[in-house]
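Asker: What follows is a structure written as structure tokens; I'll ask about it next.
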There are 2 protein chains.
Amino acid sequence: MRVVVAGAGTIGSLFAAHLARVADVAVLTRRDSHARALNEDGLHVSGRSDFTATVRASADPAELGGADLVLVACKGGDLEPLAARLAGHFAGATVMTTQNGLGAEAIVAAHGDWPLLSAVTFMSGTRHDDTHVEYVLDTATWIGPYRGTTRAEAEEVAELIRSAGLKAEAFDDLRPAQWSKLIFNATVNSVSALTGLPHDFHFAEGMLGDLVHALVDEGKAVAAAAGVALGEDPWEMNVHATQRGHAHYPSMLEDVSAHRPTEIELITGSLVREAAEHGVPVPLHTALYRLVKAKEASYS
Amino acid sequence: MRVVVAGAGTIGSLFAAHLARVADVAVLTRRDSHARALNEDGLHVSGRSDFTATVRASADPAELGGADLVLVACKGGDLEPLAARLAGHFAGATVMTTQNGLGAEAIVAAHGDWPLLSAVTFMSGTRHDDTHVEYVLDTATWIGPYRGTTRAEAEEVAELIRSAGLKAEAFDDLRPAQWSKLIFNATVNSVSALTGLPHDFHFAEGMLGDLVHALVDEGKAVAAAAGVALGEDPWEMNVHATQRGHAHYPSMLEDVSAHRPTEIELITGSLVREAAEHGVPVPLHTALYRLVKAKEASYS
């Protein structure tokens, strides 16, 4: 099995290192220096796993050879240019997106006719440097068919990921899970980014809990109008996640703390656009969307 | 004329230094070390004024002697303990509040039967250290009667402040001005504190302008329900202030940047409570109130 992991941030590095134990893994990086470091030093995982994987890496997709599976693991804001770099390569491969929010599959679909799988991942980690990633939350990746694929192929990839030591599950239809995570993320990430609070008990009780609950309710109304029966209840996901015993720092909080662009457009932005399409009022998500965009504008 | 300025932050220092040029000014500080510094070094004003005033200062109100006018100039969150320290002192004096938001007069009224004047101030400055304040915005202080006082007495204090080189104006009823500033502050301060943006052009145009406009509209609905005919239009105040040519950093942004408690309770909090009392829905101000409270909770 030849796997190309496109994007070597936290999630891409976690997939690449683990999959390298059971498959031939090549990593597509953005920087040449990153590819050189991976080729020379391998990719070290600490935390819930502890090993160093041997991977091939290049910033040029033409140097990576063929692939049976391309796992696209960049952040949403980097997806369009990354998908453009994949165009014309990896004929015959199945391409799987893993981005938060909605619309990642359509962006990739516009750059090639690969069969597509759709995924959302709940695992998390911390990228320490180009060749060292820490595996923090060992939660699952959920996979479903999107274009020219079946549940059986989703199951095959899930089995590959499980055999590499990560958690994964296949579904007939990913949308219920994708929307549950969308509503969860649109709520938790933007509130965390604006308040500076990690995802802790404040999100599940008192005044902030009331706001989080109202944001989840707006999201559920959009899902209902879009004809999506949610998977997990986003409010219960929120409460459950705050009870893990340690505070999790959502990626959007890390992004604004480091003055990096956030995923607000693909997460809350896509929810607000779906709401407009279906005529559902989402004043609170709209306000948070505008506030996070303004926070990005404050960097300069 | 014997004036006691209670509270020696930015606004208190600006009043004390300027008034010391035309009146006998004593300053009530919280810290002994602050009083000692003022007694030894005087109070230097830079920026739009440039002089050093001689003031008497003490952290003990009993040491300050009598007063004709007590100007209460602390931040809203410090008002209750400061008013408690004034209790039993300054018989015969008129006491004037200058706090943002609503309800400052009632807090002071509960601690003594002084005649009361109500004020809002639009001037601003930067406190550099215990004995140096910079005078930044030379905008006015507006004064009106509150309890046992008349427009004539408000005018007398306004004239005193003008003779000291600051701007001031008296009104029959301060509520229209107070509410205009309340709505302006509840909107601009909380958006600035959450986004990190100074009060610049973003607040008057585009997506953030839309949010600011919606927040102002919520505030106007509360004012109408409370039977207050606004003075200046808060949206026009907002647009005008963003056109000053330099970005102003609202005090609430400075507070959250320094991890200090904010005035959210007295500003947005009082607007949200008035809204509840009059049955006016204010979902956006309620959301911002909860987010700023959560930001304060993130300090620890």
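Identifiers in the structure tokens: chain A, B, ... in order shown; residue index from 1 per chain; ligand index from 1 in order shown.
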I want to know what sits within 8 Å of Leu82 of chain A, based on only C-alpha atoms, with residues of the same chain fewer than 5 positions away left out; could you give that as a list in words?

Answerer: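 Counting only the stated atoms, we get Ala6, Gly7 and Cys74 of chain A.
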
Asker: Kindly save the residues from that selection, with C-alpha atoms included, as a tab-separated table (two decimals), in the first residue's frame.

Answerer:
```tsv
chain	number	residue	atom	x	y	z
A	6	ALA	CA	-0.08	15.79	1.68
A	7	GLY	CA	0.63	18.36	4.38
A	74	CYS	CA	-3.42	20.57	5.70
```

Asker: What residues in chain B have any atom no more than 8 Å from chain A when counting only C-alpha atoms, and can you write them as a list in words?

Answerer: Val191, Leu194, Thr195, Gly196, Leu197, His202, Met207, Leu208, Leu211, Pro283, Leu284, Ala287, Arg290, Leu291, Val292, Ala294, Lys295, Ala297 and Ser298 of chain B

Asker: Write a file of the just-selected residues containing N, CA and C atoms, as a compact mmCIF listing (two decimals), in the first residue's frame.

Answerer:
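The resulting file, selection_3.txt, is reproduced below:
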```txt
# COMPACT_ATOMS: atom_id res chain seq x y z
N VAL B 191 -16.30 45.07 21.88
CA VAL B 191 -15.79 44.59 20.59
C VAL B 191 -14.27 44.75 20.55
N LEU B 194 -12.53 42.13 22.77
CA LEU B 194 -12.58 40.75 22.26
C LEU B 194 -11.72 40.57 21.01
N THR B 195 -11.63 41.60 20.19
CA THR B 195 -10.92 41.45 18.91
C THR B 195 -9.46 41.91 19.00
N GLY B 196 -9.13 42.73 20.00
CA GLY B 196 -7.78 43.29 20.04
C GLY B 196 -7.61 44.49 19.11
N LEU B 197 -8.67 44.87 18.40
CA LEU B 197 -8.58 46.04 17.51
C LEU B 197 -8.73 47.33 18.31
N HIS B 202 -12.29 49.83 11.15
CA HIS B 202 -13.04 48.57 11.07
C HIS B 202 -14.41 48.69 11.74
N MET B 207 -17.99 44.17 7.57
CA MET B 207 -18.66 43.21 8.44
C MET B 207 -18.66 43.63 9.90
N LEU B 208 -17.53 44.19 10.37
CA LEU B 208 -17.51 44.58 11.78
C LEU B 208 -18.40 45.79 11.99
N LEU B 211 -21.82 44.58 12.59
CA LEU B 211 -22.01 44.10 13.96
C LEU B 211 -22.16 45.28 14.92
N PRO B 283 -29.72 40.00 22.41
CA PRO B 283 -28.89 38.79 22.31
C PRO B 283 -27.42 39.09 22.03
N LEU B 284 -27.13 40.14 21.26
CA LEU B 284 -25.73 40.42 20.92
C LEU B 284 -24.98 41.01 22.11
N ALA B 287 -24.35 38.25 24.49
CA ALA B 287 -23.24 37.38 24.07
C ALA B 287 -21.90 38.05 24.38
N ARG B 290 -21.12 37.97 28.09
CA ARG B 290 -20.64 36.65 28.53
C ARG B 290 -19.22 36.38 28.04
N LEU B 291 -18.90 36.83 26.83
CA LEU B 291 -17.56 36.59 26.29
C LEU B 291 -16.50 37.39 27.06
N VAL B 292 -16.81 38.65 27.39
CA VAL B 292 -15.83 39.45 28.14
C VAL B 292 -15.67 38.91 29.56
N ALA B 294 -15.95 35.83 30.32
CA ALA B 294 -15.14 34.62 30.13
C ALA B 294 -13.67 35.00 29.91
N LYS B 295 -13.45 36.10 29.21
CA LYS B 295 -12.07 36.55 29.00
C LYS B 295 -11.43 36.90 30.35
N ALA B 297 -12.21 35.53 33.12
CA ALA B 297 -11.99 34.23 33.78
C ALA B 297 -10.74 33.53 33.24
N SER B 298 -10.34 33.90 32.01
CA SER B 298 -9.17 33.24 31.40
C SER B 298 -7.86 33.73 32.01
```

Asker: Could you pull the residues within 9 Å of Glu159 of chain B, counting only C-alpha atoms, minus those fewer than 6 positions along the same chain, as a list in words?

Answerer: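 Within the cut-off, the hits are Ala168, Glu169 and Ala170 of chain B.
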
Asker: Mind the document's chain letters and residue numbers, and return as a PyMOL selection string the residues of segment 97-211 of chain B that DSSP labels helix (DSSP H, G or I).

Answerer: chain B and resi 104-109+151-163+175-195+201-204+206-211

Asker: Write out as a list in words each polymer residue whose atoms come within 10 Å of Ala226 of chain A, counting only C-alpha atoms; drop sequence neighbours fewer than 4 positions from it.

Answerer: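 These residues fall inside the cut-off: Lys220, Ala221, Val222, Glu274, Ala275, Glu277, His278 and Val280 of chain A.
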
Asker: Taking 4 positions as the minimum chain separation for residues in the same chain, which residues sit within 7 Å of Val239 of chain B when counting only C-alpha atoms? Answer as a ChimeraX atom specification.

Answerer: /B:204,235,243

Asker: Do a neighbour search on Thr150 of chain B at 12 Å with only C-alpha atoms, toss out local chain neighbours closer than 4 positions, and write the hits as a list in words.

Answerer: Thr94, Pro115, Leu116, Leu117, Ser118, Ile143, Gly144, Pro145, Tyr146, Ala154, Glu155, Glu156, Val157, Ala170, Phe171, Asp172, Asp173 and Leu174 of chain B

Asker: Using only C-alpha atoms, please write the residues we just selected to a file, as an mmCIF file, in the first residue's frame.

Answerer:
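Okay, part_5.cif is ready:
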```cif
data_model
loop_
_atom_site.group_PDB
_atom_site.id
_atom_site.type_symbol
_atom_site.label_atom_id
_atom_site.label_comp_id
_atom_site.auth_asym_id
_atom_site.auth_seq_id
_atom_site.Cartn_x
_atom_site.Cartn_y
_atom_site.Cartn_z
ATOM 1 C CA THR B 94 -21.403 68.132 46.834
ATOM 2 C CA PRO B 115 -26.015 66.438 47.413
ATOM 3 C CA LEU B 116 -25.031 64.571 44.240
ATOM 4 C CA LEU B 117 -24.093 65.619 40.720
ATOM 5 C CA SER B 118 -23.854 63.115 37.899
ATOM 6 C CA ILE B 143 -22.587 67.312 34.187
ATOM 7 C CA GLY B 144 -26.178 67.234 35.400
ATOM 8 C CA PRO B 145 -28.083 67.318 38.718
ATOM 9 C CA TYR B 146 -28.840 64.005 40.419
ATOM 10 C CA ALA B 154 -23.941 71.645 37.635
ATOM 11 C CA GLU B 155 -23.114 74.823 35.699
ATOM 12 C CA GLU B 156 -20.971 76.100 38.573
ATOM 13 C CA VAL B 157 -18.852 72.938 38.554
ATOM 14 C CA ALA B 170 -23.877 71.393 32.158
ATOM 15 C CA PHE B 171 -27.260 69.846 31.332
ATOM 16 C CA ASP B 172 -30.721 69.859 32.892
ATOM 17 C CA ASP B 173 -30.814 66.084 32.608
ATOM 18 C CA LEU B 174 -27.694 64.006 32.082
#
```

Asker: Which neighbours of Val25 of chain A fall inside 9 Å, counting only C-alpha atoms, when residues of the same chain fewer than 3 positions from it are skipped, and could you give them as a list in words?

Answerer: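 Here the qualifying residues turn out to be Met1, Arg2, Val3, Val4, Val5, Ala16, Ala17, Leu19, Ala20, Arg21, Val22, Thr54, Val55, Arg56 and Ala57 of chain A.
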
Asker: Quick one, how far is atom CA of Lys75 of chain B from atom CA of Gly88 of chain B?

Answerer: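 So the two atoms, atom CA of Lys75 of chain B and atom CA of Gly88 of chain B, lie 21.6 Å apart.
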
Asker: Measuring between only C-alpha atoms, which one of B:Val45, B:Ala84, B:Val108, B:Ala59 shows the shortest distance to Arg31 of chain B?

Answerer: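 The answer is B:Ala59, which sits nearest to Arg31 of chain B.
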
Asker: Based on the backbone DSSP call, show me all residues of segment 21-270 of chain B assigned strand (DSSP E or B), as a PyMOL selection string.

Answerer: chain B and resi 24-28+43-47+51-53+56-58+69-72+94-97+116-121+124-129+132-137+141-147+168-170+199+248

Asker: Write out the residues from the selection above, keeping N, CA and C atoms, as a compact mmCIF listing (two decimals), in the first residue's frame.

Answerer:
```
# COMPACT_ATOMS: atom_id res chain seq x y z
N ASP B 24 -8.08 74.72 45.67
CA ASP B 24 -7.30 73.96 46.65
C ASP B 24 -7.66 72.48 46.48
N VAL B 25 -6.73 71.69 45.94
CA VAL B 25 -7.04 70.31 45.60
C VAL B 25 -6.35 69.32 46.52
N ALA B 26 -7.13 68.40 47.05
CA ALA B 26 -6.59 67.28 47.83
C ALA B 26 -6.98 65.98 47.11
N VAL B 27 -6.06 65.01 47.12
CA VAL B 27 -6.28 63.76 46.38
C VAL B 27 -6.37 62.60 47.36
N LEU B 28 -7.43 61.82 47.25
CA LEU B 28 -7.57 60.62 48.07
C LEU B 28 -7.06 59.43 47.25
N LEU B 43 2.20 66.57 40.69
CA LEU B 43 1.54 65.75 39.68
C LEU B 43 1.81 66.37 38.31
N HIS B 44 2.57 65.65 37.48
CA HIS B 44 2.98 66.19 36.19
C HIS B 44 1.99 65.77 35.10
N VAL B 45 1.59 66.75 34.26
CA VAL B 45 0.74 66.47 33.11
C VAL B 45 1.53 66.74 31.85
N SER B 46 1.53 65.77 30.92
CA SER B 46 2.14 66.00 29.61
C SER B 46 1.05 65.88 28.55
N GLY B 47 1.43 65.88 27.28
CA GLY B 47 0.44 65.76 26.21
C GLY B 47 -0.16 67.12 25.88
N PHE B 51 2.54 70.80 32.54
CA PHE B 51 2.83 71.52 33.79
C PHE B 51 2.88 70.51 34.93
N THR B 52 3.39 70.98 36.07
CA THR B 52 3.39 70.14 37.27
C THR B 52 2.58 70.86 38.34
N ALA B 53 1.56 70.18 38.85
CA ALA B 53 0.67 70.77 39.86
C ALA B 53 1.12 70.36 41.26
N ARG B 56 -2.13 68.20 47.60
CA ARG B 56 -2.03 67.46 48.86
C ARG B 56 -2.66 66.10 48.62
N ALA B 57 -2.11 65.06 49.24
CA ALA B 57 -2.67 63.73 49.02
C ALA B 57 -2.55 62.89 50.27
N SER B 58 -3.51 61.97 50.43
CA SER B 58 -3.47 61.02 51.54
C SER B 58 -4.32 59.82 51.18
N LEU B 69 -16.44 70.34 47.11
CA LEU B 69 -16.77 69.43 46.00
C LEU B 69 -15.90 68.18 46.11
N VAL B 70 -16.52 67.02 46.05
CA VAL B 70 -15.78 65.76 45.99
C VAL B 70 -16.04 65.15 44.62
N LEU B 71 -14.97 64.95 43.87
CA LEU B 71 -15.09 64.43 42.52
C LEU B 71 -14.63 62.96 42.56
N VAL B 72 -15.56 62.04 42.36
CA VAL B 72 -15.25 60.61 42.49
C VAL B 72 -14.83 60.08 41.12
N THR B 94 -20.66 68.77 47.91
CA THR B 94 -21.40 68.13 46.83
C THR B 94 -20.50 67.06 46.24
N VAL B 95 -21.05 65.89 46.01
CA VAL B 95 -20.26 64.77 45.48
C VAL B 95 -20.67 64.53 44.02
N MET B 96 -19.68 64.41 43.14
CA MET B 96 -19.96 64.20 41.71
C MET B 96 -19.34 62.89 41.24
N THR B 97 -20.15 62.03 40.64
CA THR B 97 -19.65 60.77 40.06
C THR B 97 -19.27 61.01 38.59
N LEU B 116 -25.78 65.30 45.26
CA LEU B 116 -25.03 64.57 44.24
C LEU B 116 -25.20 65.20 42.86
N LEU B 117 -24.08 65.30 42.14
CA LEU B 117 -24.09 65.62 40.72
C LEU B 117 -23.66 64.37 39.96
N SER B 118 -24.15 64.26 38.74
CA SER B 118 -23.85 63.12 37.90
C SER B 118 -23.06 63.62 36.70
N ALA B 119 -22.01 62.89 36.33
CA ALA B 119 -21.22 63.33 35.17
C ALA B 119 -20.77 62.14 34.33
N VAL B 120 -20.54 62.40 33.06
CA VAL B 120 -19.81 61.46 32.21
C VAL B 120 -18.67 62.25 31.60
N THR B 121 -17.53 61.60 31.44
CA THR B 121 -16.41 62.32 30.85
C THR B 121 -15.93 61.62 29.60
N SER B 124 -9.65 61.64 27.75
CA SER B 124 -8.89 60.42 27.99
C SER B 124 -7.42 60.75 28.11
N GLY B 125 -6.70 59.84 28.69
CA GLY B 125 -5.27 60.04 28.90
C GLY B 125 -4.59 58.72 29.14
N THR B 126 -3.31 58.80 29.42
CA THR B 126 -2.51 57.62 29.73
C THR B 126 -1.74 57.91 31.01
N ARG B 127 -1.90 57.00 31.95
CA ARG B 127 -1.22 57.17 33.24
C ARG B 127 0.16 56.54 33.12
N HIS B 128 1.21 57.34 33.20
CA HIS B 128 2.57 56.79 33.04
C HIS B 128 3.12 56.26 34.35
N ASP B 129 2.91 57.01 35.44
CA ASP B 129 3.26 56.49 36.77
C ASP B 129 2.48 57.29 37.80
N HIS B 132 2.69 61.09 37.03
CA HIS B 132 2.74 61.57 35.64
C HIS B 132 1.59 61.01 34.83
N VAL B 133 0.74 61.91 34.34
CA VAL B 133 -0.37 61.50 33.49
C VAL B 133 -0.29 62.29 32.19
N GLU B 134 -0.59 61.60 31.07
CA GLU B 134 -0.58 62.26 29.77
C GLU B 134 -2.03 62.57 29.36
N TYR B 135 -2.26 63.81 28.97
CA TYR B 135 -3.60 64.26 28.56
C TYR B 135 -3.72 64.01 27.06
N VAL B 136 -4.59 63.06 26.65
CA VAL B 136 -4.63 62.63 25.25
C VAL B 136 -5.82 63.27 24.50
N LEU B 137 -7.04 62.92 24.89
CA LEU B 137 -8.22 63.46 24.19
C LEU B 137 -8.83 64.58 25.03
N THR B 141 -16.38 66.94 29.66
CA THR B 141 -17.11 66.28 30.74
C THR B 141 -18.49 66.92 30.80
N TRP B 142 -19.51 66.06 30.83
CA TRP B 142 -20.89 66.56 30.87
C TRP B 142 -21.47 66.31 32.26
N ILE B 143 -22.16 67.33 32.79
CA ILE B 143 -22.59 67.31 34.19
C ILE B 143 -24.06 67.65 34.29
N GLY B 144 -24.76 66.93 35.16
CA GLY B 144 -26.18 67.23 35.40
C GLY B 144 -26.53 67.00 36.86
N PRO B 145 -27.66 67.55 37.32
CA PRO B 145 -28.08 67.32 38.72
C PRO B 145 -28.51 65.87 38.91
N TYR B 146 -28.35 65.37 40.15
CA TYR B 146 -28.84 64.00 40.42
C TYR B 146 -29.72 63.96 41.68
N ARG B 147 -29.17 64.36 42.84
CA ARG B 147 -29.96 64.33 44.08
C ARG B 147 -29.65 65.60 44.85
N ALA B 168 -16.00 71.29 29.71
CA ALA B 168 -17.13 70.79 30.49
C ALA B 168 -18.39 71.52 30.08
N GLU B 169 -19.53 70.83 30.27
CA GLU B 169 -20.81 71.40 29.89
C GLU B 169 -21.87 70.90 30.87
N ALA B 170 -22.81 71.77 31.22
CA ALA B 170 -23.88 71.39 32.16
C ALA B 170 -25.18 71.12 31.41
N HIS B 199 -9.94 51.27 18.41
CA HIS B 199 -11.18 51.81 17.83
C HIS B 199 -10.83 52.53 16.52
N HIS B 248 -7.57 54.96 18.69
CA HIS B 248 -7.69 55.05 20.14
C HIS B 248 -7.80 53.64 20.73
```
